[in-house]
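First comes the structure, then the notes that go with it.
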Amino acid sequence: MLSATLLPDTPQYKKAQRQYLKATKNRPKDIDQDWTAFRAVEKRFKARFPPPDLSSVLDLARLNESRIPEIEDGIWAGSSDALDCRGVSLRSCNSDESATAYAIPQIPGLVILPSFVSCEKQRDLVRWSLARHARSPNETNLDTHYLLPKDGLWNAWLRTRNEHDQDYQVQPRAAGSQYAQYEPAGPRKLVNNTPASPESFQETSTLPKLPQAPSSTVQPTSISALIYKLRWANIGWYYHWGTKQYDFTKGPGSIDDELRSICKSAVKSVDWEKVHGSTDADWGPDGPDWTTWNQTYEPDAGIVNFYQEKDTLMAHVDRSEVCATSPLVSISLGNAAIFLIGGLTRDAEPTPILLRSGDVVIMSGPACRRAYHGVPRILEGTLPPHLRADHLGDAQARNSWQPYEEYLTTTRININVRQVFPKGFDPTIEPISG
């Protein structure tokens, strides 16, 4: 089934065409001359008109016959042979379906595990993300500006639904009510920080990391509206967005046991000899560490991202982890997305990959962990059948899942977890002398 926006004779297509012509009427013809290779590809997939062609996008779900109904129902589809990829048999697997991972030779260290997370575990992770994790003491993007309910925004929203309570207003956080100092006001600045390392840890960890000031223009907002403004929730070590560094003064936080188990299982399932054994990348003075990941990989930080259909994640590179080579594990839930990964600069043309619910991506090694990557497009209408209430067996389960389906209809959740410190590294902060 094709999206109506892809069919030229539909009102949706014609509306998108009118909006495109209006938006580009006065656009300079040479606007794209200064774009980097990464930016040009981002723009292509972000475009609402003409609809992007996904024939060059790697879509590994098409290799799995059991996922054909999901693909056909989900409107968008890429190609299973868009890229050269190498199958890597998994040593063990918690998934109901996937027994093969795929390495991408042109991006050493990138491994994709299609359907690694079972349908049931996907629903569990969605519940965990919204009901148990996006709440105090785990900071979200909304905490700076709003006085959120103590049991979290999602649980408060469920109460208004289940008990037919009034959709009450969440109040703004008063500026100056919590901290003596805040970050300077104004537009967010581009931060190009020095990559973290054991040698630079003491210097970067003691830099001041002032909190962002609450907005003075935020108005009281209903819970039902605010729930769709949730964008991220911190995991483990606290990430300070203003400096693009971790604030270790807030302590290590915690990693959910089930999430840790899934991430460690994914890493242990991969035969890393077949991924990194023949590469000659520069792993640093201590040499490659992939031979010990089964024993040394220990996730201690991360983030849950909540994307709405028109949200994007622009090209960026991860430089904040002291351990710059150990696996970053990324789990996709809900609607599908286009994931781009390029090289060490934005001038390298990125590779497009279609990620579906239950897929896991592992970024590992010096080249892949320092590669620019982003998400230019959430693919609307791609919520798989197993995340819909009518797919569940009994009435109680369907009723319980209904609010999650309602939210996920326009949402993609991404859980990505990484290892900040090499195992055995002491993160104790010593006070600045003088």
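Numbering starts fresh at 1 for the residues of each chain in the structure tokens, the chains themselves are lettered A, B, ... in the order given, and ligands are numbered from 1 as they appear.
Using only C-alpha atoms, the protein and nucleic acid residues lying no more than 12 Å from A:Asp256, apart from those fewer than 3 places from it along its own chain, are Leu125, Trp128, Ser129, Arg132, His133, Asn138, Ile235, Gly236, Gly253, Leu259, Arg260, Ser261, Ile262, Cys263, Pro299, Asp300, Ala301, Gly302, Ile415 and Val417 of chain A.
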Closest atom pairs, stretch 28-94 of chain A residues within 9 Å of stretch 359-374 of chain A, only C-alpha atoms, as CSV:
```
residue,atom,partner,partner_atom,distance
A:Phe38,CA,A:Tyr372,CA,8.5
A:Glu42,CA,A:Gly374,CA,8.4
A:Ala61,CA,A:Asp359,CA,9.0
```
Which residue, A:Pro384, A:Pro198, A:Pro172, A:Pro69, has the smallest gap to A:Ser216 when you use only C-alpha atoms?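 Of A:Pro384, A:Pro198, A:Pro172, A:Pro69, the one nearest A:Ser216 is A:Pro172, counting only C-alpha atoms.
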Using only C-alpha atoms, which of A:Trp154, A:Ile223, A:Thr325, A:Ala23 sits nearest A:Ala281?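 Checking each of A:Trp154, A:Ile223, A:Thr325, A:Ala23 against A:Ala281, counting only C-alpha atoms, the winner is A:Thr325.
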Just list the residues in stretch 221-401 of chain A DSSP gives helix (DSSP H, G or I) on the backbone, as a PyMOL selection string. chain A and resi 223-229+248-250+257-269+272-276+290-296+365-369+385-387+389-391+395-401
Looking at A:Glu65, A:Asp84, A:Asn294, A:Gln166, which one is nearest to A:Lys264, with distances taken over only C-alpha atoms?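 Looking only at the distances to A:Lys264, the closest residue turns out to be A:Asn294.
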List the neighbours of A:Leu83 out to 8 Å using only C-alpha atoms; skip same-chain residues closer than 3 positions along the sequence, and give me the result as a PyMOL selection string. chain A and resi 56-58+80+104
Store the residues picked out above, limited to C-alpha atoms, as a PDB file, in the first residue's frame.
```pdb
ATOM      1  CA  SER A  56      18.899   3.687  -2.457  1.00  0.00           C
ATOM      2  CA  VAL A  57      18.046   3.069   1.205  1.00  0.00           C
ATOM      3  CA  LEU A  58      19.133  -0.215   2.788  1.00  0.00           C
ATOM      4  CA  SER A  80      17.592  -5.074   0.621  1.00  0.00           C
ATOM      5  CA  ILE A 104      28.552  -2.715   6.425  1.00  0.00           C
TER       6      ILE A 104
END
```
Contacts of A:Pro352 at 9 Å (only C-alpha atoms; same-chain gap of 4+ positions) as a list in words: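 Final neighbour list, sorted by chain and number: Val41, Leu54, Ser56, Val57, Leu58, Ile338, Phe339, Leu340, Ile341 and Gly342 of chain A.
Closest approach to A:Leu313 from the set A:Gln122, A:Ser224, A:Thr160, A:Asn414 is made by A:Asn414, with distances taken over only C-alpha atoms.
Minimum atom-to-atom distance to A:Arg86, evaluated using only C-alpha atoms, belongs to A:Val275 out of A:Ala174, A:Val275, A:Ala336, A:Leu392.
When only C-alpha atoms are used to compute distances to A:Gln17, the closest of the residues A:Val329, A:Val375, A:Met314, A:Ala47 turns out to be A:Ala47.
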In Å and to one decimal, atom CA of A:Ala395 is distant from atom CA of A:Tyr228 by 26.6 Å
Enter the distance from atom CA of A:Leu354 to atom CA of A:Arg377, in Å, rounded to one decimal.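 So the two atoms, atom CA of A:Leu354 and atom CA of A:Arg377, lie 9.8 Å apart.
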Neighbour list for A:Trp237 as a PyMOL selection string, cut-off 12 Å, only C-alpha atoms, skip fewer than 2 positions in-chain: chain A and resi 137-139+233-235+239-240+245-255+299-303+320-321+417-421+427
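Residue neighbourhood of A:Lys121, excluding near-sequence residues (fewer than 3 positions): Asn94, Ser95, Asp96, Ser115, Phe116, Val117, Ser118, Asp124, Leu125, Val126, Arg127, Trp128, Glu258, Leu259, Ser261, Ile262, Ile331, Ser332, Leu333, Ser357, Gly358, Asp359, His386 and Leu387 of chain A, at 12 Å, using only C-alpha atoms.
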